[in-house]
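Chemist: The structure follows.
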Amino acid sequence: DAGDQIAEQRGQPQALRDALASLYGVVPAQVLATRGSDEGIDLLLRAFCAPGQGAIVIAPPVFGMYAVCAKLHGARVIEVPARDVDAGWRSELDAMGDAALRDDAALVFACNPGNPTGEAIAIDEIERLARRLHGKALLVVDAAYAEFADADDAASLLAGNDNLVILRTLSKAHALAGARVGSVIADPALIAVLQRCQAPYPLPAPRVALALQA
């Protein structure tokens with residue numbers, strides 16, 4: 001249809017979007033193929049934080065690119081450190097929500113499973129935070145290591161939470177780190193916004209071929 005043709009023209013190979021959507025149990029309109037999940041993080045900052053303004057919330061120790069992209073963009077990084085408890089690290093989601101609402105943060109990043117902590121966040125906690133932030137901020141769930149965890153898939157929450165964003169990658173479980181193929185999964189309207197911020201040149205054909213083979 002017209003939407004698929006526009007996506008193809010903007011560097012989103014439809015065959016790849018279809019394959020990624022099938023892999024993650026969503027529809028193609030909910031998928032933006034990216035140059036690794038790092039590009040997805042950068043696009044979210046570009047789209048939802050004005051240059052030199054805005055803020056994000058993270059729970060260190062955590063993947064460093066959230067802060068790197070924010071600082072390059074001039075956005076503030078609000079840290080709500082995870083607690084080191086007997087059973088392992090635990091993100092303080094309630095405190096992260098408090099910080100986001102208090103400081104008008106646009107993005108809250110929750111790494112699930114945690115990188116490098118290995119923390120698993122219950123899906124009901126993710127949904128509760130998404131609902132609390134609705135209309136105020138996006139909740140970004142980085143699920144780069146989801147294939148290695150025995151946990152519910154946050155994609156099941158997309159239907160009722162249009163401020164939920166999920167990051168996925170083929171770099172880990174599919175051993176394609178060198179190909180740099182990631183995905184942003186979200187409401188189609190949000191995907192369209194991110195696509196308008198994405199560079200117009202296409203994903204390289206060899207990368208697409210490797211992803212489709214995988």
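Chain labels run A, B, ... following the order of the structure tokens; each chain numbers its residues from 1, and ligands are numbered from 1 in the order shown.
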How close does range 111-144 of chain A get to range 170-184 of chain A? List, as CSV, each residue of range 111-144 of chain A within 10 Å, its nearest atom pair and the distance in Å to one decimal, counting only C-alpha atoms.

Modeler:
residue,atom,partner,partner_atom,distance
A:Val140,CA,A:Val184,CA,9.6
A:Val141,CA,A:Val184,CA,10.0
A:Asp142,CA,A:Val184,CA,9.4
A:Ala144,CA,A:Lys172,CA,7.1

Chemist: DSSP on the backbone, alpha helix (DSSP H) only: what residues of range 52-177 of chain A does that give? Format it as a VMD selection string.

Modeler: chain A and resid 65 to 73 93 to 102 123 to 133

Chemist: Considering only C-alpha atoms, return as a PyMOL selection string whatever protein or nucleic-acid residues lie within 10 Å of Thr117 in chain A, sequence-local ones (same chain, fewer than 2 positions apart) excluded.

Modeler: chain A and resi 60-63+82+84+88-91+111-115+119-120

Chemist: Restricting it to C-alpha atoms, dump the selection as an mmCIF file, in the first residue's frame.

Modeler:
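Generated output (part_36.cif):
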data_model
loop_
_atom_site.group_PDB
_atom_site.id
_atom_site.type_symbol
_atom_site.label_atom_id
_atom_site.label_comp_id
_atom_site.auth_asym_id
_atom_site.auth_seq_id
_atom_site.Cartn_x
_atom_site.Cartn_y
_atom_site.Cartn_z
ATOM 1 C CA PRO A 60 22.897 3.007 36.370
ATOM 2 C CA PRO A 61 24.763 0.712 36.151
ATOM 3 C CA VAL A 62 23.331 0.442 32.655
ATOM 4 C CA PHE A 63 24.205 0.508 28.945
ATOM 5 C CA ALA A 82 19.563 0.775 40.785
ATOM 6 C CA ASP A 84 22.205 -3.510 44.945
ATOM 7 C CA GLY A 88 20.912 -8.707 42.501
ATOM 8 C CA TRP A 89 20.433 -5.248 41.021
ATOM 9 C CA ARG A 90 16.951 -3.762 40.918
ATOM 10 C CA SER A 91 15.834 -0.626 39.078
ATOM 11 C CA CYS A 111 16.961 -2.049 30.252
ATOM 12 C CA ASN A 112 15.222 -5.433 30.424
ATOM 13 C CA PRO A 113 17.097 -7.737 30.811
ATOM 14 C CA GLY A 114 19.542 -5.372 32.445
ATOM 15 C CA ASN A 115 22.880 -4.685 30.781
ATOM 16 C CA GLU A 119 18.083 -7.710 36.075
ATOM 17 C CA ALA A 120 14.658 -8.936 34.946
#

Chemist: Report as a ChimeraX atom specification all protein, DNA and RNA residues lying within 12 Å of Pro51 in chain A, evaluated on only C-alpha atoms, omitting residues in the same chain fewer than 4 positions from it.

Modeler: /A:45-47,55,69-76

Chemist: Counting only C-alpha atoms, which residues of range 121-163 of chain A fall within 12 Å of range 190-194 of chain A, and what is the closest atom pair for each with its distance in Å at one decimal, ordered by chain and rising number, as a Markdown table?

Modeler:
| residue | atom | partner | partner_atom | distance |
| --- | --- | --- | --- | --- |
| A:Leu138 | CA | A:Leu190 | CA | 10.2 |
| A:Leu158 | CA | A:Leu190 | CA | 11.7 |
| A:Asn161 | CA | A:Leu190 | CA | 11.6 |
| A:Asp162 | CA | A:Leu190 | CA | 8.0 |
| A:Asn163 | CA | A:Leu190 | CA | 8.3 |

Chemist: Kindly save the residues from that selection, with N, CA and C atoms included, as an mmCIF file, in the first residue's frame.

Modeler:
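The result, written out as part.cif:
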data_model
loop_
_atom_site.group_PDB
_atom_site.id
_atom_site.type_symbol
_atom_site.label_atom_id
_atom_site.label_comp_id
_atom_site.auth_asym_id
_atom_site.auth_seq_id
_atom_site.Cartn_x
_atom_site.Cartn_y
_atom_site.Cartn_z
ATOM 1 N N LEU A 138 7.905 9.041 27.221
ATOM 2 C CA LEU A 138 7.985 7.708 26.619
ATOM 3 C C LEU A 138 8.759 6.784 27.546
ATOM 4 N N LEU A 158 1.979 -3.253 23.835
ATOM 5 C CA LEU A 158 1.920 -2.147 22.887
ATOM 6 C C LEU A 158 0.498 -1.694 22.595
ATOM 7 N N ASN A 161 -0.670 0.874 25.161
ATOM 8 C CA ASN A 161 0.286 1.866 25.679
ATOM 9 C C ASN A 161 1.046 2.498 24.515
ATOM 10 N N ASP A 162 0.521 3.591 23.985
ATOM 11 C CA ASP A 162 1.141 4.198 22.814
ATOM 12 C C ASP A 162 2.384 5.008 23.153
ATOM 13 N N ASN A 163 2.748 5.065 24.443
ATOM 14 C CA ASN A 163 4.008 5.725 24.832
ATOM 15 C C ASN A 163 5.095 4.711 25.165
#

Chemist: Find the residue from A:Leu129, A:Val57, A:Ile123, A:Leu210 that sits nearest to Ala105 in chain A; use only C-alpha atoms when measuring.

Modeler: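 Looking at the shortest contact to Ala105 in chain A, the residue is A:Val57.
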
Chemist: As a ChimeraX atom specification, please: the residues near Leu43 in chain A (cut-off 9 Å, only C-alpha atoms, same-chain neighbours under 6 positions excluded).

Modeler: /A:194-195,197-198

Chemist: Those residues with all heavy atoms, as a CSV table (one decimal), in the first residue's frame please?

Modeler:
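Below is the file that was written, result_37.csv:
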chain,number,residue,atom,x,y,z
A,194,LEU,N,9.7,8.9,14.1
A,194,LEU,CA,11.1,8.6,14.1
A,194,LEU,C,11.7,8.5,12.6
A,194,LEU,O,12.8,8.8,12.4
A,194,LEU,CB,11.3,7.3,14.8
A,194,LEU,CG,11.0,7.3,16.3
A,194,LEU,CD1,11.3,5.9,16.9
A,194,LEU,CD2,11.8,8.3,17.1
A,195,GLN,N,10.8,7.9,11.8
A,195,GLN,CA,11.3,7.8,10.4
A,195,GLN,C,11.6,9.1,9.7
A,195,GLN,O,12.5,9.2,8.9
A,195,GLN,CB,10.2,7.0,9.6
A,195,GLN,CG,10.7,6.4,8.3
A,195,GLN,CD,9.8,5.3,7.8
A,195,GLN,OE1,8.9,4.9,8.4
A,195,GLN,NE2,10.0,5.0,6.5
A,197,CYS,N,12.9,11.5,11.1
A,197,CYS,CA,14.2,12.0,11.7
A,197,CYS,C,15.4,11.2,11.2
A,197,CYS,O,16.5,11.5,11.4
A,197,CYS,CB,14.2,11.9,13.2
A,197,CYS,SG,12.9,13.0,14.0
A,198,GLN,N,15.1,10.1,10.5
A,198,GLN,CA,16.1,9.1,10.1
A,198,GLN,C,16.8,9.6,8.8
A,198,GLN,O,16.1,10.2,8.0
A,198,GLN,CB,15.6,7.7,9.9
A,198,GLN,CG,16.6,6.6,9.8
A,198,GLN,CD,15.9,5.2,9.8
A,198,GLN,OE1,14.8,5.1,9.2
A,198,GLN,NE2,16.6,4.3,10.3

Chemist: Pick from A:Ala87, A:Ala100, A:Cys49, A:Ile166: nearest to Ala154 in chain A, with only C-alpha atoms counted?

Modeler: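 Closest to Ala154 in chain A of all the choices is A:Ile166.
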
Chemist: Using only C-alpha atoms, which of the listed residues (A:Phe109, A:Tyr145, A:Tyr201, A:Tyr24) sits closest to Glu92 in chain A?

Modeler: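 When distances to Glu92 in chain A are compared using only C-alpha atoms, the smallest one comes from A:Phe109.
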
Chemist: Find, counting only C-alpha atoms, the residue in A:Leu133, A:Ala19, A:Ala186, A:Val85 that gets nearest to Asp98 in chain A.

Modeler: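 Nearest candidate to Asp98 in chain A out of A:Leu133, A:Ala19, A:Ala186, A:Val85: A:Leu133.
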